[in-house]
Amino acid sequence: MAVPKRKTSKARRDKRRSANSKLAAPAISKCPQCHEPKLPHRVCKSCGYYKNKEVIDAE
């Protein structure tokens with residue numbers, strides 16, 4: 001069985017671990033009614049529309 005010759009330093013270990021923990025920015029689409037940025041597959045917070053239908057009354 002392979003055994004490490006030297007102890008891996010915290011900096012080297014953490015550098016390797018941090019390469020896999022990048023967060024991706026959320027996808028943002030434009031509302032077809034009011035052209036405000038919104039999350040896809042969700043009701044628009046500014047106008048209340050979803051799939052060209054008014055779902056909630058937003059004022």
# chains A, B, ... in the order shown; residues from 1 in each chain; ligands from 1
call {"tool": "residues_around", "arguments": {"residues": "Arg42 in chain A", "least_positions_apart": "6", "cutoff": "12 Å", "atoms": "only C-alpha atoms", "output": "PyMOL selection string"}}
result
chain A and resi 27-31+48-52+55-56
call {"tool": "select_by_dssp", "arguments": {"residues": "chain A", "states": "strand (DSSP E or B)", "output": "ChimeraX atom specification"}}
result
/A:29-30,37-38,49-50,53-54
call {"tool": "write_last_selection", "arguments": {"atoms": "C-alpha atoms", "output": "PDB file, in the first residue's frame"}}
result
ATOM      1  CA  SER A  29     -33.614  35.710 -17.070  1.00  0.00           C
ATOM      2  CA  LYS A  30     -35.631  38.725 -18.147  1.00  0.00           C
ATOM      3  CA  PRO A  37     -34.475  40.436 -13.951  1.00  0.00           C
ATOM      4  CA  LYS A  38     -35.992  37.323 -12.377  1.00  0.00           C
ATOM      5  CA  TYR A  49     -46.680  37.240 -14.055  1.00  0.00           C
ATOM      6  CA  TYR A  50     -45.643  33.662 -14.841  1.00  0.00           C
ATOM      7  CA  LYS A  53     -50.485  34.886 -16.979  1.00  0.00           C
ATOM      8  CA  GLU A  54     -50.969  37.025 -13.885  1.00  0.00           C
TER       9      GLU A  54
END
